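Student: Structure supplied as data-v4.cif; contents: mmCIF, C-alpha atoms.
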```
data_protein
#
loop_
_atom_site.group_PDB
_atom_site.id
_atom_site.type_symbol
_atom_site.label_atom_id
_atom_site.label_comp_id
_atom_site.auth_asym_id
_atom_site.auth_seq_id
_atom_site.Cartn_x
_atom_site.Cartn_y
_atom_site.Cartn_z
ATOM 1 C CA ALA A 1 74.139 -34.018 169.364
ATOM 2 C CA GLN A 2 70.544 -35.118 169.371
ATOM 3 C CA SER A 3 68.689 -35.501 166.088
ATOM 4 C CA VAL A 4 65.557 -37.006 164.596
ATOM 5 C CA THR A 5 65.170 -38.776 161.258
ATOM 6 C CA GLN A 6 61.764 -39.371 159.737
ATOM 7 C CA LEU A 7 61.869 -41.891 156.909
ATOM 8 C CA GLY A 8 59.602 -40.944 154.033
ATOM 9 C CA SER A 9 58.545 -37.367 153.419
ATOM 10 C CA HIS A 10 55.253 -38.610 151.944
ATOM 11 C CA VAL A 11 53.191 -41.662 152.886
ATOM 12 C CA SER A 12 49.960 -42.608 151.163
ATOM 13 C CA VAL A 13 47.493 -45.175 152.508
ATOM 14 C CA SER A 14 43.950 -46.212 151.713
ATOM 15 C CA GLU A 15 41.155 -45.483 154.129
ATOM 16 C CA GLY A 16 40.951 -48.326 156.635
ATOM 17 C CA ALA A 17 44.553 -49.411 156.098
ATOM 18 C CA LEU A 18 47.336 -49.460 158.667
ATOM 19 C CA VAL A 19 49.241 -46.232 159.169
ATOM 20 C CA LEU A 20 52.964 -46.518 159.954
ATOM 21 C CA LEU A 21 55.125 -43.418 160.197
ATOM 22 C CA ARG A 22 58.776 -43.976 161.023
ATOM 23 C CA CYS A 23 60.972 -42.017 163.407
ATOM 24 C CA ASN A 24 64.525 -42.735 164.514
ATOM 25 C CA TYR A 25 66.352 -40.611 167.022
ATOM 26 C CA SER A 26 69.913 -40.015 168.062
ATOM 27 C CA SER A 27 70.532 -39.224 171.695
ATOM 28 C CA SER A 28 73.330 -39.770 174.166
ATOM 29 C CA VAL A 29 70.934 -39.943 177.108
ATOM 30 C CA PRO A 30 67.457 -41.416 177.571
ATOM 31 C CA PRO A 31 65.270 -39.134 175.518
ATOM 32 C CA TYR A 32 61.793 -37.761 175.788
ATOM 33 C CA LEU A 33 60.021 -38.265 172.461
ATOM 34 C CA PHE A 34 56.991 -36.594 170.970
ATOM 35 C CA TRP A 35 54.704 -36.899 167.964
ATOM 36 C CA TYR A 36 52.886 -33.805 166.793
ATOM 37 C CA VAL A 37 50.334 -33.426 163.980
ATOM 38 C CA GLN A 38 49.916 -30.316 161.846
ATOM 39 C CA TYR A 39 46.803 -29.715 159.765
ATOM 40 C CA PRO A 40 46.970 -27.179 156.915
ATOM 41 C CA ASN A 41 47.346 -23.597 158.105
ATOM 42 C CA GLN A 42 47.316 -24.642 161.733
ATOM 43 C CA GLY A 43 49.836 -24.989 164.517
ATOM 44 C CA LEU A 44 51.143 -28.265 165.886
ATOM 45 C CA GLN A 45 48.991 -30.439 168.110
ATOM 46 C CA LEU A 46 50.442 -33.043 170.452
ATOM 47 C CA LEU A 47 49.471 -36.608 169.560
ATOM 48 C CA LEU A 48 51.472 -38.411 172.227
ATOM 49 C CA LYS A 49 54.719 -38.345 174.161
ATOM 50 C CA TYR A 50 57.139 -40.839 175.681
ATOM 51 C CA THR A 51 58.579 -39.963 179.073
ATOM 52 C CA SER A 52 59.985 -43.375 180.097
ATOM 53 C CA ALA A 53 56.903 -44.521 182.016
ATOM 54 C CA ALA A 54 55.873 -47.150 179.437
ATOM 55 C CA THR A 55 57.334 -48.179 176.105
ATOM 56 C CA LEU A 56 53.943 -48.333 174.364
ATOM 57 C CA VAL A 57 52.318 -44.948 174.391
ATOM 58 C CA LYS A 58 48.733 -44.309 173.425
ATOM 59 C CA GLY A 59 47.692 -40.958 172.096
ATOM 60 C CA ILE A 60 44.713 -39.140 170.725
ATOM 61 C CA ASN A 61 42.676 -40.114 167.670
ATOM 62 C CA GLY A 62 43.628 -43.807 167.948
ATOM 63 C CA PHE A 63 47.362 -43.315 167.409
ATOM 64 C CA GLU A 64 50.048 -45.078 169.380
ATOM 65 C CA ALA A 65 53.834 -45.327 169.311
ATOM 66 C CA GLU A 66 56.334 -47.798 170.684
ATOM 67 C CA PHE A 67 59.712 -46.787 172.092
ATOM 68 C CA LYS A 68 62.424 -49.285 171.120
ATOM 69 C CA LYS A 69 65.739 -48.403 172.680
ATOM 70 C CA SER A 70 67.665 -51.134 170.831
ATOM 71 C CA GLU A 71 66.491 -49.726 167.502
ATOM 72 C CA THR A 72 66.487 -46.057 168.609
ATOM 73 C CA SER A 73 63.026 -45.844 167.115
ATOM 74 C CA PHE A 74 59.666 -44.355 168.028
ATOM 75 C CA HIS A 75 57.370 -45.257 165.132
ATOM 76 C CA LEU A 76 53.788 -43.990 165.035
ATOM 77 C CA THR A 77 50.957 -46.366 164.115
ATOM 78 C CA LYS A 78 47.207 -46.420 163.730
ATOM 79 C CA PRO A 79 45.340 -49.639 162.862
ATOM 80 C CA SER A 80 42.818 -48.067 160.509
ATOM 81 C CA ALA A 81 43.316 -44.798 158.644
ATOM 82 C CA HIS A 82 40.550 -42.244 158.368
ATOM 83 C CA MET A 83 40.255 -39.452 155.861
ATOM 84 C CA SER A 84 40.587 -36.947 158.702
ATOM 85 C CA ASP A 85 44.086 -38.287 159.464
ATOM 86 C CA ALA A 86 45.475 -36.584 156.361
ATOM 87 C CA ALA A 87 48.012 -34.112 157.733
ATOM 88 C CA GLU A 88 51.712 -33.664 158.357
ATOM 89 C CA TYR A 89 53.276 -35.504 161.277
ATOM 90 C CA PHE A 90 56.399 -34.474 163.141
ATOM 91 C CA CYS A 91 58.544 -36.493 165.485
ATOM 92 C CA ALA A 92 60.572 -34.569 168.063
ATOM 93 C CA VAL A 93 63.130 -35.299 170.765
ATOM 94 C CA SER A 94 63.899 -33.454 173.966
ATOM 95 C CA GLU A 95 66.849 -34.238 176.158
ATOM 96 C CA ARG A 96 68.050 -30.919 177.388
ATOM 97 C CA SER A 97 67.027 -29.793 180.838
ATOM 98 C CA GLN A 98 65.172 -26.740 179.569
ATOM 99 C CA GLY A 99 62.915 -28.852 177.403
ATOM 100 C CA ASN A 100 63.461 -27.447 173.930
ATOM 101 C CA LEU A 101 62.495 -29.744 171.058
ATOM 102 C CA ILE A 102 64.444 -30.949 168.036
ATOM 103 C CA PHE A 103 62.043 -31.811 165.215
ATOM 104 C CA GLY A 104 62.323 -34.138 162.263
ATOM 105 C CA LYS A 105 61.497 -32.896 158.772
ATOM 106 C CA GLY A 106 57.986 -34.285 158.910
ATOM 107 C CA THR A 107 55.979 -36.889 157.013
ATOM 108 C CA LYS A 108 52.945 -35.882 155.025
ATOM 109 C CA LEU A 109 50.205 -38.498 155.252
ATOM 110 C CA SER A 110 47.653 -38.799 152.467
ATOM 111 C CA VAL A 111 44.567 -41.001 152.843
ATOM 112 C CA LYS A 112 42.863 -42.302 149.704
ATOM 113 C CA PRO A 113 39.157 -43.139 149.712
ATOM 114 C CA GLU B 1 41.085 -22.741 178.405
ATOM 115 C CA ALA B 2 42.295 -20.388 175.684
ATOM 116 C CA GLY B 3 45.189 -21.590 173.561
ATOM 117 C CA VAL B 4 48.259 -19.778 172.332
ATOM 118 C CA ALA B 5 47.298 -16.699 170.338
ATOM 119 C CA GLN B 6 49.352 -15.251 167.522
ATOM 120 C CA SER B 7 48.928 -12.289 165.209
ATOM 121 C CA PRO B 8 48.945 -11.514 162.421
ATOM 122 C CA ARG B 9 48.191 -14.825 160.707
ATOM 123 C CA TYR B 10 49.675 -13.715 157.405
ATOM 124 C CA LYS B 11 52.145 -11.023 156.429
ATOM 125 C CA ILE B 12 53.654 -10.072 153.078
ATOM 126 C CA ILE B 13 56.544 -7.613 152.992
ATOM 127 C CA GLU B 14 59.368 -6.645 150.676
ATOM 128 C CA LYS B 15 62.964 -7.446 151.476
ATOM 129 C CA ARG B 16 64.730 -4.953 153.718
ATOM 130 C CA GLN B 17 61.455 -4.024 155.399
ATOM 131 C CA SER B 18 60.797 -4.723 159.042
ATOM 132 C CA VAL B 19 58.068 -6.890 160.552
ATOM 133 C CA ALA B 20 56.854 -7.841 164.006
ATOM 134 C CA PHE B 21 54.897 -10.814 165.288
ATOM 135 C CA TRP B 22 52.993 -11.040 168.533
ATOM 136 C CA CYS B 23 52.293 -14.035 170.763
ATOM 137 C CA ASN B 24 50.176 -14.474 173.879
ATOM 138 C CA PRO B 25 50.835 -17.804 175.618
ATOM 139 C CA ILE B 26 48.471 -19.920 177.654
ATOM 140 C CA SER B 27 47.750 -18.252 180.962
ATOM 141 C CA GLY B 28 50.144 -19.378 183.682
ATOM 142 C CA HIS B 29 52.743 -20.844 181.346
ATOM 143 C CA ALA B 30 56.210 -19.767 182.387
ATOM 144 C CA THR B 31 58.003 -20.758 179.206
ATOM 145 C CA LEU B 32 57.566 -19.305 175.743
ATOM 146 C CA TYR B 33 59.239 -20.465 172.536
ATOM 147 C CA TRP B 34 59.553 -18.997 169.055
ATOM 148 C CA TYR B 35 60.153 -21.436 166.196
ATOM 149 C CA GLN B 36 60.821 -20.881 162.509
ATOM 150 C CA GLN B 37 59.317 -23.427 160.121
ATOM 151 C CA ILE B 38 60.595 -23.219 156.558
ATOM 152 C CA LEU B 39 58.500 -24.966 153.919
ATOM 153 C CA GLY B 40 59.252 -28.683 153.866
ATOM 154 C CA GLN B 41 61.103 -28.690 157.174
ATOM 155 C CA GLY B 42 60.338 -29.180 160.819
ATOM 156 C CA PRO B 43 60.205 -26.239 163.216
ATOM 157 C CA LYS B 44 63.538 -24.887 164.409
ATOM 158 C CA LEU B 45 63.857 -23.142 167.757
ATOM 159 C CA LEU B 46 64.810 -19.488 167.544
ATOM 160 C CA ILE B 47 64.510 -18.407 171.159
ATOM 161 C CA GLN B 48 63.214 -19.683 174.481
ATOM 162 C CA PHE B 49 62.078 -17.497 177.394
ATOM 163 C CA GLN B 50 61.585 -18.558 180.984
ATOM 164 C CA ASN B 51 59.298 -15.887 182.446
ATOM 165 C CA ASN B 52 60.929 -12.715 181.075
ATOM 166 C CA GLY B 53 64.478 -14.087 180.837
ATOM 167 C CA VAL B 54 66.154 -15.683 177.819
ATOM 168 C CA VAL B 55 67.075 -19.349 178.289
ATOM 169 C CA ASP B 56 68.328 -20.140 174.803
ATOM 170 C CA ASP B 57 68.821 -17.863 171.791
ATOM 171 C CA SER B 58 71.726 -19.723 170.229
ATOM 172 C CA GLN B 59 69.951 -20.101 166.867
ATOM 173 C CA LEU B 60 68.534 -16.595 166.650
ATOM 174 C CA PRO B 61 70.185 -14.506 163.891
ATOM 175 C CA LYS B 62 70.842 -11.615 166.204
ATOM 176 C CA ASP B 63 71.975 -9.243 163.473
ATOM 177 C CA ARG B 64 68.388 -9.036 162.215
ATOM 178 C CA PHE B 65 66.098 -10.836 164.656
ATOM 179 C CA SER B 66 65.129 -9.656 168.110
ATOM 180 C CA ALA B 67 62.591 -10.820 170.645
ATOM 181 C CA GLU B 68 61.306 -9.677 173.968
ATOM 182 C CA ARG B 69 58.915 -10.903 176.593
ATOM 183 C CA LEU B 70 58.123 -7.986 178.801
ATOM 184 C CA LYS B 71 56.472 -8.780 182.141
ATOM 185 C CA GLY B 72 56.846 -12.480 181.430
ATOM 186 C CA VAL B 73 53.579 -12.807 179.549
ATOM 187 C CA ASP B 74 53.196 -11.945 175.869
ATOM 188 C CA SER B 75 56.084 -11.699 173.461
ATOM 189 C CA THR B 76 57.113 -9.940 170.265
ATOM 190 C CA LEU B 77 59.488 -11.243 167.602
ATOM 191 C CA LYS B 78 60.927 -8.692 165.183
ATOM 192 C CA ILE B 79 62.861 -8.992 161.949
ATOM 193 C CA GLN B 80 64.746 -5.960 160.681
ATOM 194 C CA PRO B 81 65.670 -5.913 157.841
ATOM 195 C CA ALA B 82 63.951 -8.950 156.326
ATOM 196 C CA LYS B 83 65.640 -11.161 153.740
ATOM 197 C CA LEU B 84 64.083 -13.479 151.168
ATOM 198 C CA GLU B 85 65.213 -16.517 153.178
ATOM 199 C CA ASP B 86 63.133 -15.360 156.152
ATOM 200 C CA SER B 87 59.984 -16.498 154.331
ATOM 201 C CA ALA B 88 58.577 -19.100 156.695
ATOM 202 C CA VAL B 89 55.913 -19.793 159.278
ATOM 203 C CA TYR B 90 56.761 -18.412 162.700
ATOM 204 C CA LEU B 91 55.307 -20.521 165.460
ATOM 205 C CA CYS B 92 54.935 -19.543 169.068
ATOM 206 C CA ALA B 93 54.585 -22.205 171.760
ATOM 207 C CA SER B 94 54.285 -22.221 175.508
ATOM 208 C CA SER B 95 54.735 -24.765 178.269
ATOM 209 C CA LEU B 96 53.970 -24.771 181.955
ATOM 210 C CA LEU B 97 57.444 -25.252 183.390
ATOM 211 C CA GLY B 98 59.945 -25.432 180.545
ATOM 212 C CA VAL B 99 61.624 -28.597 181.740
ATOM 213 C CA ILE B 100 62.481 -31.790 179.886
ATOM 214 C CA GLY B 101 59.367 -33.731 178.936
ATOM 215 C CA ASP B 102 57.067 -30.749 179.397
ATOM 216 C CA THR B 103 54.400 -30.509 176.696
ATOM 217 C CA GLN B 104 54.600 -27.522 174.402
ATOM 218 C CA TYR B 105 51.365 -26.030 173.096
ATOM 219 C CA PHE B 106 51.551 -24.276 169.748
ATOM 220 C CA GLY B 107 49.738 -21.316 168.303
ATOM 221 C CA PRO B 108 48.438 -21.236 164.709
ATOM 222 C CA GLY B 109 51.542 -19.464 163.421
ATOM 223 C CA THR B 110 52.262 -16.411 161.300
ATOM 224 C CA ARG B 111 53.052 -17.072 157.656
ATOM 225 C CA LEU B 112 55.612 -14.532 156.427
ATOM 226 C CA THR B 113 56.299 -14.001 152.747
ATOM 227 C CA VAL B 114 59.248 -11.801 151.835
ATOM 228 C CA LEU B 115 59.234 -10.561 148.223
#
```
Represent the structure from my file as structure tokens, please.

Tutor:
Amino acid sequence: AQSVTQLGSHVSVSEGALVLLRCNYSSSVPPYLFWYVQYPNQGLQLLLKYTSAATLVKGINGFEAEFKKSETSFHLTKPSAHMSDAAEYFCAVSERSQGNLIFGKGTKLSVKP
Amino acid sequence: EAGVAQSPRYKIIEKRQSVAFWCNPISGHATLYWYQQILGQGPKLLIQFQNNGVVDDSQLPKDRFSAERLKGVDSTLKIQPAKLEDSAVYLCASSLLGVIGDTQYFGPGTRLTVL
């Protein structure tokens, strides 16, 4: 069965520092992987997705993620954190033909001035 | 392009009462999803529609939850009777085709509090 593990329920960084949010997946077939961001009292917004075209995926707001099959990982990074990046981030996997998503528990990112 | 619309945004009810949520997906999207997001967890799929047919409702508690998507456009999710553990945010999402890799677009959610 497919699953997603996000290491660290809370991550705190200083403004301008590197952001690294970890995601490991379990899948018996090549997966499609997604990162979504959720701001308070809002729905989820797609940051980026991996669909096997390229292992390094660039998304919105300066975020990117690298698919590493050998490590079953899809970590999200951003070189320099901004205060507006404070939100909750969810990693998700899709491998079933009808496209439903399995989400991780989320990582809440705090950015200190 | 208008996004996914949901109403109401907030709802407070007492246990054993009934409640209904409404969702209008992005125009032209064939697939509609309802997710339940309990505080501190990621969203969990409750039901998936393809046009007006159910594709997956394996995680829907059918003794109390029901959903319909008449005419393949908007959808209603109902809980009757509600339990304390149903307190959560109910998210509606839609996608163009409903196939693997298809992007899902989410509405703002309905926050349900059951007292």

Student: Need the shell around Gln42 (chain A): protein/DNA/RNA residues with any atom at most 10 Å away, counting only C-alpha atoms. Skip same-chain ones fewer than 2 positions apart. Format as JSON, numbers by chain?

Tutor: {"A": [37, 38, 39, 40, 44, 45], "B": [9, 91, 106, 107, 108, 109, 110]}

Student: Could you give me, as CSV, every chain B residue with an atom at most 9 Å from chain A, plus its closest atom pair and distance in Å to one decimal, counting all atoms listed in the file, rows ordered by chain then number?

Tutor:
```
residue,atom,partner,partner_atom,distance
B:Tyr33,CA,A:Asn100,CA,8.3
B:Gly40,CA,A:Lys105,CA,6.8
B:Gln41,CA,A:Lys105,CA,4.5
B:Gly42,CA,A:Lys105,CA,4.4
B:Pro43,CA,A:Phe103,CA,6.2
B:Lys44,CA,A:Ile102,CA,7.1
B:Leu45,CA,A:Leu101,CA,7.5
B:Gln48,CA,A:Asn100,CA,7.8
B:Val55,CA,A:Gln98,CA,7.7
B:Asp56,CA,A:Gln98,CA,8.7
B:Leu91,CA,A:Gly43,CA,7.1
B:Cys92,CA,A:Gly43,CA,8.7
B:Leu97,CA,A:Gln98,CA,8.7
B:Gly98,CA,A:Gln98,CA,5.5
B:Val99,CA,A:Gly99,CA,4.5
B:Ile100,CA,A:Gly99,CA,3.9
B:Gly101,CA,A:Tyr32,CA,5.7
B:Asp102,CA,A:Gly99,CA,6.5
B:Thr103,CA,A:Leu46,CA,7.8
B:Gln104,CA,A:Leu46,CA,8.0
B:Tyr105,CA,A:Gln45,CA,7.1
B:Phe106,CA,A:Gly43,CA,5.6
B:Gly107,CA,A:Gly43,CA,5.3
B:Pro108,CA,A:Gly43,CA,4.0
B:Gly109,CA,A:Gly43,CA,5.9
B:Arg111,CA,A:Asn41,CA,8.7
```

Student: Hey, can you check how far CA of Ser58 (chain B) sits from CA of Leu46 (chain B)?

Tutor: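 These two atoms are separated by 7.4 Å.
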
Student: What's the 8 Å shell around Lys68 (chain A), counting all atoms listed in the file, without same-chain residues fewer than 5 positions away, as an mmCIF file with C-alpha atoms, in the coordinates of the input?

Tutor:
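File written: out00.cif
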```
data_model
loop_
_atom_site.group_PDB
_atom_site.id
_atom_site.type_symbol
_atom_site.label_atom_id
_atom_site.label_comp_id
_atom_site.auth_asym_id
_atom_site.auth_seq_id
_atom_site.Cartn_x
_atom_site.Cartn_y
_atom_site.Cartn_z
ATOM 1 C CA THR A 55 57.334 -48.179 176.105
ATOM 2 C CA SER A 73 63.026 -45.844 167.115
ATOM 3 C CA PHE A 74 59.666 -44.355 168.028
#
```

Student: Rounded to one decimal, what separation in Å do you get between CA of Leu109 (chain A) and CA of Gly8 (chain A)?

Tutor: 9.8 Å

Student: Carefully work through the PyMOL selection byres ((chain A and resi 111) around 10) for this structure and note down the residues it includes, as a count of residues only.

Tutor: 19

Student: Given the file above and the PyMOL selection byres ((chain B and resi 12) around 9), which residues are selected, and can you give them as an MDAnalysis selection string?

Tutor: chainID B and resid 10:11 13:14 111:115

Student: Could you tell me how far CA of Pro8 (chain B) sits from CA of Leu39 (chain B), in Å to one decimal place?

Tutor: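 Distance reported for this atom pair: 18.6 Å.
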
Student: Starting from the shown file, work through the PyMOL selection byres ((chain A and resi 20-27) around 6) and note down what comes out as a list in words.

Tutor: Gln2, Ser3, Val4, Thr5, Gln6, Leu7, Val19, Ser28, Val29, Thr72, Ser73, Phe74, His75, Leu76 and Thr77 of chain A

Student: Quick one: residues within 9 Å of Ala20 (chain B), all atoms listed in the file counted, chain neighbours fewer than 5 positions away excluded, as number ranges by chain?

Tutor: B: 8, 76-80

Student: Edge lengths and centre in Å to one decimal, as JSON, is what I'm after for the box along x, y and z that holds all listed atoms of region 24-29 of chain A once 3 Å is added on each side.

Tutor:
```
{"center_x": 68.9, "center_y": -41.0, "center_z": 170.8, "size_x": 14.8, "size_y": 9.5, "size_z": 18.6}
```

Student: Provide region 47-66 of chain A rebuilt to N, CA, C and O atoms, formatted as a PDB file, in the coordinates of the input.

Tutor:
```pdb
ATOM      1  N   LEU A  47      50.152 -35.320 169.687  1.00  0.00           N
ATOM      2  CA  LEU A  47      49.471 -36.608 169.560  1.00  0.00           C
ATOM      3  C   LEU A  47      49.763 -37.495 170.765  1.00  0.00           C
ATOM      4  O   LEU A  47      48.867 -38.107 171.340  1.00  0.00           O
ATOM      5  N   LEU A  48      51.055 -37.578 171.104  1.00  0.00           N
ATOM      6  CA  LEU A  48      51.472 -38.411 172.227  1.00  0.00           C
ATOM      7  C   LEU A  48      52.914 -38.083 172.570  1.00  0.00           C
ATOM      8  O   LEU A  48      53.616 -37.466 171.777  1.00  0.00           O
ATOM      9  N   LYS A  49      53.324 -38.545 173.774  1.00  0.00           N
ATOM     10  CA  LYS A  49      54.719 -38.345 174.161  1.00  0.00           C
ATOM     11  C   LYS A  49      55.205 -39.509 175.012  1.00  0.00           C
ATOM     12  O   LYS A  49      54.421 -40.139 175.736  1.00  0.00           O
ATOM     13  N   TYR A  50      56.477 -39.803 174.900  1.00  0.00           N
ATOM     14  CA  TYR A  50      57.139 -40.839 175.681  1.00  0.00           C
ATOM     15  C   TYR A  50      58.023 -40.171 176.725  1.00  0.00           C
ATOM     16  O   TYR A  50      58.890 -39.359 176.388  1.00  0.00           O
ATOM     17  N   THR A  51      57.784 -40.545 177.998  1.00  0.00           N
ATOM     18  CA  THR A  51      58.579 -39.963 179.073  1.00  0.00           C
ATOM     19  C   THR A  51      59.145 -41.036 179.982  1.00  0.00           C
ATOM     20  O   THR A  51      59.380 -40.795 181.160  1.00  0.00           O
ATOM     21  N   SER A  52      59.340 -42.232 179.444  1.00  0.00           N
ATOM     22  CA  SER A  52      59.985 -43.375 180.097  1.00  0.00           C
ATOM     23  C   SER A  52      59.072 -44.160 181.030  1.00  0.00           C
ATOM     24  O   SER A  52      59.501 -45.113 181.647  1.00  0.00           O
ATOM     25  N   ALA A  53      57.817 -43.787 181.136  1.00  0.00           N
ATOM     26  CA  ALA A  53      56.903 -44.521 182.016  1.00  0.00           C
ATOM     27  C   ALA A  53      56.503 -45.872 181.415  1.00  0.00           C
ATOM     28  O   ALA A  53      56.420 -46.873 182.119  1.00  0.00           O
ATOM     29  N   ALA A  54      56.272 -45.922 180.115  1.00  0.00           N
ATOM     30  CA  ALA A  54      55.873 -47.150 179.437  1.00  0.00           C
ATOM     31  C   ALA A  54      56.350 -47.074 178.003  1.00  0.00           C
ATOM     32  O   ALA A  54      56.331 -45.994 177.398  1.00  0.00           O
ATOM     33  N   THR A  55      56.771 -48.211 177.457  1.00  0.00           N
ATOM     34  CA  THR A  55      57.334 -48.179 176.105  1.00  0.00           C
ATOM     35  C   THR A  55      56.263 -48.045 175.030  1.00  0.00           C
ATOM     36  O   THR A  55      56.533 -47.529 173.957  1.00  0.00           O
ATOM     37  N   LEU A  56      55.042 -48.500 175.309  1.00  0.00           N
ATOM     38  CA  LEU A  56      53.943 -48.333 174.364  1.00  0.00           C
ATOM     39  C   LEU A  56      53.093 -47.161 174.840  1.00  0.00           C
ATOM     40  O   LEU A  56      52.528 -47.200 175.931  1.00  0.00           O
ATOM     41  N   VAL A  57      53.017 -46.172 174.008  1.00  0.00           N
ATOM     42  CA  VAL A  57      52.318 -44.948 174.391  1.00  0.00           C
ATOM     43  C   VAL A  57      51.083 -44.774 173.529  1.00  0.00           C
ATOM     44  O   VAL A  57      51.159 -44.866 172.302  1.00  0.00           O
ATOM     45  N   LYS A  58      49.972 -44.544 174.168  1.00  0.00           N
ATOM     46  CA  LYS A  58      48.733 -44.309 173.425  1.00  0.00           C
ATOM     47  C   LYS A  58      48.437 -42.819 173.402  1.00  0.00           C
ATOM     48  O   LYS A  58      48.623 -42.121 174.409  1.00  0.00           O
ATOM     49  N   GLY A  59      47.971 -42.362 172.238  1.00  0.00           N
ATOM     50  CA  GLY A  59      47.692 -40.958 172.096  1.00  0.00           C
ATOM     51  C   GLY A  59      46.259 -40.696 171.674  1.00  0.00           C
ATOM     52  O   GLY A  59      45.396 -41.555 171.791  1.00  0.00           O
ATOM     53  N   ILE A  60      46.057 -39.514 171.149  1.00  0.00           N
ATOM     54  CA  ILE A  60      44.713 -39.140 170.725  1.00  0.00           C
ATOM     55  C   ILE A  60      44.406 -39.683 169.334  1.00  0.00           C
ATOM     56  O   ILE A  60      45.319 -40.072 168.603  1.00  0.00           O
ATOM     57  N   ASN A  61      43.134 -39.726 169.003  1.00  0.00           N
ATOM     58  CA  ASN A  61      42.676 -40.114 167.670  1.00  0.00           C
ATOM     59  C   ASN A  61      43.087 -41.533 167.278  1.00  0.00           C
ATOM     60  O   ASN A  61      43.205 -41.828 166.089  1.00  0.00           O
ATOM     61  N   GLY A  62      43.317 -42.412 168.239  1.00  0.00           N
ATOM     62  CA  GLY A  62      43.628 -43.807 167.948  1.00  0.00           C
ATOM     63  C   GLY A  62      45.078 -44.086 167.606  1.00  0.00           C
ATOM     64  O   GLY A  62      45.421 -45.213 167.231  1.00  0.00           O
ATOM     65  N   PHE A  63      45.949 -43.116 167.710  1.00  0.00           N
ATOM     66  CA  PHE A  63      47.362 -43.315 167.409  1.00  0.00           C
ATOM     67  C   PHE A  63      48.107 -43.878 168.621  1.00  0.00           C
ATOM     68  O   PHE A  63      47.741 -43.618 169.759  1.00  0.00           O
ATOM     69  N   GLU A  64      49.158 -44.613 168.347  1.00  0.00           N
ATOM     70  CA  GLU A  64      50.048 -45.078 169.380  1.00  0.00           C
ATOM     71  C   GLU A  64      51.464 -45.182 168.826  1.00  0.00           C
ATOM     72  O   GLU A  64      51.666 -45.201 167.612  1.00  0.00           O
ATOM     73  N   ALA A  65      52.436 -45.219 169.725  1.00  0.00           N
ATOM     74  CA  ALA A  65      53.834 -45.327 169.311  1.00  0.00           C
ATOM     75  C   ALA A  65      54.565 -46.191 170.319  1.00  0.00           C
ATOM     76  O   ALA A  65      54.237 -46.197 171.508  1.00  0.00           O
ATOM     77  N   GLU A  66      55.553 -46.922 169.823  1.00  0.00           N
ATOM     78  CA  GLU A  66      56.334 -47.798 170.684  1.00  0.00           C
ATOM     79  C   GLU A  66      57.786 -47.359 170.710  1.00  0.00           C
ATOM     80  O   GLU A  66      58.422 -47.204 169.659  1.00  0.00           O
TER      81      GLU A  66
END
```
